[in-house]
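Chemist: This one is work14.txt, compact mmCIF, C-alpha atoms.
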# COMPACT_ATOMS: atom_id res chain seq x y z
CA MET A 1 -29.99 -23.30 -35.26
CA PRO A 2 -31.93 -22.65 -38.47
CA ARG A 3 -35.69 -22.91 -38.27
CA ALA A 4 -37.45 -26.07 -39.45
CA THR A 5 -38.56 -24.17 -42.56
CA PHE A 6 -34.94 -24.11 -43.74
CA PHE A 7 -34.57 -27.88 -43.59
CA ASN A 8 -37.97 -28.28 -45.27
CA LEU A 9 -36.75 -26.42 -48.35
CA PRO A 10 -35.96 -28.42 -51.50
CA ALA A 11 -32.32 -29.51 -51.41
CA ASP A 12 -31.29 -27.27 -54.32
CA LYS A 13 -32.76 -24.12 -52.76
CA ARG A 14 -31.22 -24.93 -49.39
CA GLN A 15 -27.84 -25.50 -51.01
CA ARG A 16 -28.08 -22.22 -52.91
CA ILE A 17 -28.64 -20.29 -49.66
CA ILE A 18 -25.66 -22.05 -48.08
CA GLU A 19 -23.39 -21.31 -51.04
CA VAL A 20 -24.27 -17.61 -51.17
CA ALA A 21 -23.97 -17.18 -47.40
CA LEU A 22 -20.64 -19.01 -47.43
CA GLU A 23 -19.38 -16.70 -50.14
CA GLU A 24 -20.42 -13.59 -48.19
CA PHE A 25 -18.86 -14.63 -44.87
CA ALA A 26 -15.76 -16.12 -46.47
CA GLU A 27 -15.03 -12.89 -48.33
CA ARG A 28 -15.68 -10.51 -45.42
CA PRO A 29 -15.17 -10.40 -41.65
CA TYR A 30 -18.39 -10.91 -39.69
CA ASP A 31 -18.83 -7.22 -38.85
CA GLN A 32 -18.58 -6.28 -42.55
CA ALA A 33 -20.76 -9.08 -43.90
CA SER A 34 -24.27 -8.12 -44.94
CA ILE A 35 -27.56 -9.98 -45.01
CA SER A 36 -28.70 -7.43 -47.62
CA ARG A 37 -25.96 -8.62 -49.97
CA VAL A 38 -26.90 -12.24 -49.33
CA VAL A 39 -30.56 -11.75 -50.22
CA SER A 40 -29.62 -9.58 -53.20
CA ARG A 41 -27.46 -12.38 -54.60
CA LEU A 42 -30.23 -14.87 -53.91
CA GLY A 43 -32.83 -12.65 -55.55
CA ILE A 44 -35.25 -12.90 -52.61
CA ALA A 45 -36.74 -10.46 -50.10
CA LYS A 46 -34.90 -10.02 -46.81
CA GLY A 47 -38.00 -11.21 -44.98
CA SER A 48 -37.76 -14.53 -46.80
CA LEU A 49 -34.36 -15.27 -45.27
CA TYR A 50 -35.73 -14.48 -41.81
CA GLN A 51 -38.14 -17.36 -42.29
CA TYR A 52 -35.09 -19.61 -42.04
CA PHE A 53 -32.70 -17.76 -39.71
CA ASP A 54 -33.30 -15.17 -36.98
CA GLY A 55 -30.57 -12.95 -38.42
CA LYS A 56 -26.96 -12.58 -39.45
CA ARG A 57 -25.55 -13.88 -36.18
CA GLU A 58 -27.54 -17.11 -36.28
CA LEU A 59 -26.71 -17.69 -39.94
CA PHE A 60 -22.99 -17.14 -39.31
CA THR A 61 -22.94 -19.28 -36.17
CA TRP A 62 -24.62 -22.15 -37.97
CA LEU A 63 -22.13 -21.93 -40.84
CA VAL A 64 -19.24 -22.02 -38.35
CA GLU A 65 -20.73 -25.08 -36.67
CA GLU A 66 -21.23 -26.74 -40.05
CA ALA A 67 -17.62 -25.97 -40.95
CA GLY A 68 -16.53 -27.67 -37.73
CA ARG A 69 -18.61 -30.74 -38.52
CA LYS A 70 -17.24 -30.94 -42.05
CA LYS A 71 -13.67 -30.61 -40.82
CA LEU A 72 -14.24 -33.36 -38.24
CA GLU A 73 -15.65 -35.62 -40.97
CA ALA A 74 -12.63 -34.91 -43.18
CA VAL A 75 -10.17 -35.56 -40.36
CA SER A 76 -11.96 -38.74 -39.30
CA ALA A 77 -11.96 -40.10 -42.86
CA THR A 78 -8.33 -41.16 -42.41
CA PRO A 79 -7.71 -43.05 -39.15
CA PRO A 80 -4.80 -42.04 -36.91
CA PRO A 81 -1.73 -44.28 -36.80
CA THR A 82 -2.11 -47.23 -34.42
CA GLY A 83 -0.13 -46.99 -31.19
CA ALA A 84 1.18 -43.55 -32.11
CA ASP A 85 2.95 -41.35 -29.58
CA LEU A 86 2.04 -37.70 -28.98
CA TYR A 87 4.04 -36.33 -31.90
CA ALA A 88 2.69 -38.88 -34.39
CA ARG A 89 -0.87 -38.15 -33.22
CA LEU A 90 -0.37 -34.41 -33.64
CA ARG A 91 1.27 -34.98 -37.03
CA TRP A 92 -1.76 -36.88 -38.24
CA LEU A 93 -4.30 -34.47 -36.77
CA TYR A 94 -2.81 -31.19 -37.98
CA ALA A 95 -1.90 -32.53 -41.42
CA GLN A 96 -5.53 -33.56 -41.91
CA GLY A 97 -6.64 -30.11 -40.77
CA LEU A 98 -4.37 -28.42 -43.32
CA LEU A 99 -5.68 -30.63 -46.11
CA PHE A 100 -9.20 -29.51 -45.21
CA ILE A 101 -8.15 -25.91 -45.89
CA ALA A 102 -7.01 -26.82 -49.41
CA ALA A 103 -10.00 -29.06 -50.15
CA SER A 104 -12.77 -26.86 -48.70
CA PRO A 105 -11.45 -23.28 -48.76
CA ARG A 106 -14.75 -21.46 -48.19
CA TRP A 107 -15.74 -23.64 -45.25
CA ALA A 108 -12.23 -23.28 -43.84
CA ARG A 109 -12.32 -19.49 -44.31
CA VAL A 110 -15.65 -19.19 -42.49
CA ALA A 111 -14.28 -21.28 -39.61
CA LEU A 112 -11.31 -18.92 -39.40
CA ARG A 113 -13.66 -15.92 -39.34
CA SER A 114 -14.98 -17.20 -36.01
CA VAL A 115 -11.67 -16.42 -34.30
CA GLU A 116 -11.40 -12.89 -35.70
CA PRO A 117 -12.24 -9.90 -33.46
CA SER A 118 -15.83 -8.66 -33.64
CA LEU A 119 -17.86 -5.81 -32.19
CA ASP A 120 -20.70 -8.26 -31.57
CA PRO A 121 -20.33 -9.64 -28.01
CA GLU A 122 -22.02 -12.91 -28.99
CA ILE A 123 -19.50 -13.48 -31.77
CA SER A 124 -16.71 -12.61 -29.34
CA ARG A 125 -18.08 -15.29 -27.03
CA LEU A 126 -18.13 -17.73 -29.95
CA ARG A 127 -14.48 -16.91 -30.56
CA ALA A 128 -13.61 -17.44 -26.90
CA SER A 129 -15.50 -20.74 -26.83
CA SER A 130 -13.71 -21.98 -29.95
CA GLU A 131 -10.32 -21.02 -28.55
CA ALA A 132 -11.09 -22.65 -25.21
CA ALA A 133 -12.16 -25.91 -26.87
CA ALA A 134 -9.03 -26.04 -29.03
CA GLN A 135 -6.76 -25.36 -26.08
CA ALA A 136 -8.56 -27.87 -23.87
CA PHE A 137 -8.00 -30.57 -26.50
CA LEU A 138 -4.33 -29.64 -26.80
CA ARG A 139 -3.91 -29.62 -23.02
CA GLU A 140 -5.39 -33.12 -22.88
CA GLN A 141 -2.91 -34.31 -25.51
CA LEU A 142 0.09 -32.73 -23.75
CA ALA A 143 -0.99 -34.11 -20.38
CA ARG A 144 -1.20 -37.54 -21.97
CA GLY A 145 2.28 -36.93 -23.37
CA GLN A 146 3.57 -36.21 -19.87
CA GLU A 147 2.08 -39.49 -18.66
CA GLU A 148 3.74 -41.33 -21.57
CA GLY A 149 7.07 -39.62 -20.94
CA SER A 150 7.20 -37.81 -24.28
CA VAL A 151 6.68 -34.40 -22.66
CA ARG A 152 8.76 -33.07 -19.78
CA GLY A 153 6.89 -33.39 -16.51
CA ASP A 154 8.31 -30.14 -15.15
CA LEU A 155 6.56 -28.03 -17.79
CA SER A 156 3.53 -25.98 -16.73
CA LEU A 157 0.79 -26.78 -19.21
CA GLU A 158 -0.99 -23.54 -18.29
CA LEU A 159 1.97 -21.68 -19.80
CA VAL A 160 2.82 -24.09 -22.59
CA VAL A 161 -0.64 -24.73 -24.09
CA PRO A 162 -1.31 -21.17 -25.38
CA LEU A 163 2.18 -21.05 -26.94
CA VAL A 164 1.84 -24.44 -28.63
CA HIS A 165 -1.68 -23.58 -29.79
CA GLY A 166 -0.39 -20.47 -31.53
CA LEU A 167 2.28 -22.49 -33.33
CA LEU A 168 -0.05 -25.29 -34.39
CA SER A 169 -3.06 -23.19 -35.42
CA GLU A 170 -2.52 -19.91 -37.24
CA GLY A 171 1.22 -20.47 -37.55
CA LEU A 172 0.75 -23.79 -39.35
CA MET A 173 -1.90 -22.38 -41.66
CA ARG A 174 0.26 -19.44 -42.70
CA ALA A 175 3.26 -21.69 -43.36
CA PHE A 176 1.10 -24.11 -45.34
CA LEU A 177 -0.35 -21.39 -47.58
CA ALA A 178 3.11 -19.86 -48.01
CA ARG A 179 4.19 -23.02 -49.84
CA ALA A 180 1.79 -21.97 -52.61
CA GLY A 181 2.92 -18.35 -52.36
CA VAL A 182 -0.43 -17.15 -50.99
CA THR A 183 -1.88 -15.90 -47.70
CA ASP A 184 -5.59 -16.56 -48.23
CA PRO A 185 -7.20 -20.02 -48.42
CA LEU A 186 -9.58 -18.64 -51.06
CA ASP A 187 -6.72 -17.99 -53.47
CA PRO A 188 -7.04 -20.64 -56.23
CA ALA A 189 -3.33 -21.45 -55.87
CA ALA A 190 -4.04 -22.86 -52.41
CA GLN A 191 -5.94 -25.74 -53.99
CA SER A 192 -2.66 -27.01 -55.45
CA LEU A 193 -1.42 -27.83 -51.96
CA GLY A 194 -1.40 -31.51 -51.09
CA ARG A 195 -0.49 -34.05 -48.45
CA GLU A 196 3.27 -33.67 -48.94
CA ASP A 197 2.98 -29.92 -48.35
CA ALA A 198 0.89 -30.49 -45.22
CA LEU A 199 3.31 -33.05 -43.79
CA ALA A 200 6.35 -30.89 -44.56
CA VAL A 201 4.89 -27.96 -42.62
CA VAL A 202 3.65 -30.09 -39.73
CA ASP A 203 6.96 -31.97 -39.46
CA ALA A 204 8.90 -28.70 -39.30
CA ALA A 205 6.64 -27.35 -36.55
CA LEU A 206 6.69 -30.59 -34.55
CA SER A 207 10.48 -30.78 -34.80
CA LEU A 208 10.69 -27.40 -33.10
CA LEU A 209 8.02 -28.39 -30.62
CA GLU A 210 9.61 -31.68 -29.66
CA ARG A 211 12.95 -30.03 -28.92
CA GLY A 212 11.26 -27.87 -26.35
CA LEU A 213 8.87 -30.40 -24.86
CA ARG A 214 10.89 -33.61 -24.70
CA ARG A 215 13.54 -33.90 -22.00
CA GLY A 216 16.96 -34.47 -23.48
CA ALA A 217 15.85 -33.90 -27.08
CA PRO A 218 18.75 -32.79 -29.35
What would you get if you wrote out this structure as structure tokens?

Modeler:
Amino acid sequence: MPRATFFNLPADKRQRIIEVALEEFAERPYDQASISRVVSRLGIAKGSLYQYFDGKRELFTWLVEEAGRKKLEAVSATPPPTGADLYARLRWLYAQGLLFIAASPRWARVALRSVEPSLDPEISRLRASSEAAAQAFLREQLARGQEEGSVRGDLSLELVVPLVHGLLSEGLMRAFLARAGVTDPLDPAAQSLGREDALAVVDAALSLLERGLRRGAP
């Protein structure tokens, strides 16, 4: 967490630090990002930034956590469909997640940086923790689907969850961005993507998924 001195800053100065740090970590993988570049862009001494954060790792980790909070707020802004089955719930959830990428590209890019490989063991642990949380949520949803009868009971969730997670995380994002002809959420063209694009990509993925998970699906 940032030190109290960070939160005691005037709002405009605090926001400026966040914007510059976001730009640095969005543009570069964690291992290549530089606190020196951040303070240079801010026009302050490096020691000044250490009054607010212990170092690069803490600054990056906080940004990732903030990105997660902002994504959750964006997803929660539109309630899920009432009485929805597994596939409708996933459709709502992942479409909202894709729209967050288009609406908040720098925050989304920083969140994605957290699952990239790093030489820093603490960042690797952050990556593992993020992956574990995402897969635990998905496992809970699929287990609920088995109870509801929308997922085959003979499937081993230990085997299925990592496969489904790959399809519904990076796979969805790449397909979503491809509709704008880009590969990077920071590309300005990605901001043209909207709800119809998100639903088209999610529906295609869930159609494939349902055929494999639902007994007797055509």

Chemist: Which distance in Å separates atom CA of Pro29 of chain A and atom CA of Glu122 of chain A, to one decimal?

Modeler: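 Atom CA of Glu122 of chain A lies 14.6 Å from atom CA of Pro29 of chain A.
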
Chemist: Find, counting all atoms listed in the file, the residue in A:Ser130, A:Pro117, A:Tyr50, A:Ser36 that gets nearest to Ala4 of chain A.

Modeler: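 Among A:Ser130, A:Pro117, A:Tyr50, A:Ser36, it is A:Tyr50 that comes nearest to Ala4 of chain A.
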
Chemist: Do a neighbour search on Glu19 of chain A at 10 Å with only C-alpha atoms, toss out local chain neighbours closer than 4 positions, and write the hits as a list in words.

Modeler: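 Once the nearby chain positions are removed, what remains is Lys13, Arg14, Gln15, Glu23, Glu24, Val38, Leu42, Arg106 and Trp107 of chain A.
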
Chemist: Please measure the separation of atom CA of Ala178 of chain A and atom CA of Tyr30 of chain A, giving the value in Å to one decimal.

Modeler: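 Atom CA of Tyr30 of chain A lies at a distance of 24.7 Å from atom CA of Ala178 of chain A.
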
Chemist: What does the distance between atom CA of Arg195 of chain A and atom CA of Tyr87 of chain A come to in Å, to one decimal place?

Modeler: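 Computing it gives 17.3 Å between the two atoms.
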
Chemist: Find the nearest atom pair between each residue of segment 148-175 of chain A and segment 185-189 of chain A for residues within 12 Å, count only C-alpha atoms, give distances in Å to one decimal, sort rows by chain and ascending number, and present the table as JSON lines.

Modeler:
{"residue": "A:Met173", "atom": "CA", "partner": "A:Pro185", "partner_atom": "CA", "distance": 8.9}
{"residue": "A:Arg174", "atom": "CA", "partner": "A:Pro185", "partner_atom": "CA", "distance": 9.4}
{"residue": "A:Ala175", "atom": "CA", "partner": "A:Pro185", "partner_atom": "CA", "distance": 11.7}

Chemist: Kindly extract all protein, DNA and RNA residues lying within 12 Å of the coordinates (-11.4, -19.2, -38.4) given in the file, considering all atoms listed in the file, and supply them as a PyMOL selection string.

Modeler: chain A and resi 25-26+28-30+60-61+63-65+67-68+71+101+105-117+123+126-128+130-131+134+169-170+173+184-185

Chemist: Which is closest to Ser40 of chain A among A:Pro80, A:Gln135, A:Ile17, A:Arg179, if we use all atoms listed in the file?

Modeler: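 Among the listed residues, A:Ile17 lies closest to Ser40 of chain A.
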
Chemist: Show me, as a ChimeraX atom specification, the residues that have an atom within 10 Å of Leu199 of chain A when counting only C-alpha atoms, minus same-chain residues fewer than 5 positions from it.

Modeler: /A:91-92,94-96,98-99,176,194,204-205

Chemist: Nearest to Ala84 of chain A: which of A:Ala11, A:Glu148, A:Ala133, A:Arg41 is it, counting all atoms listed in the file?

Modeler: A:Glu148
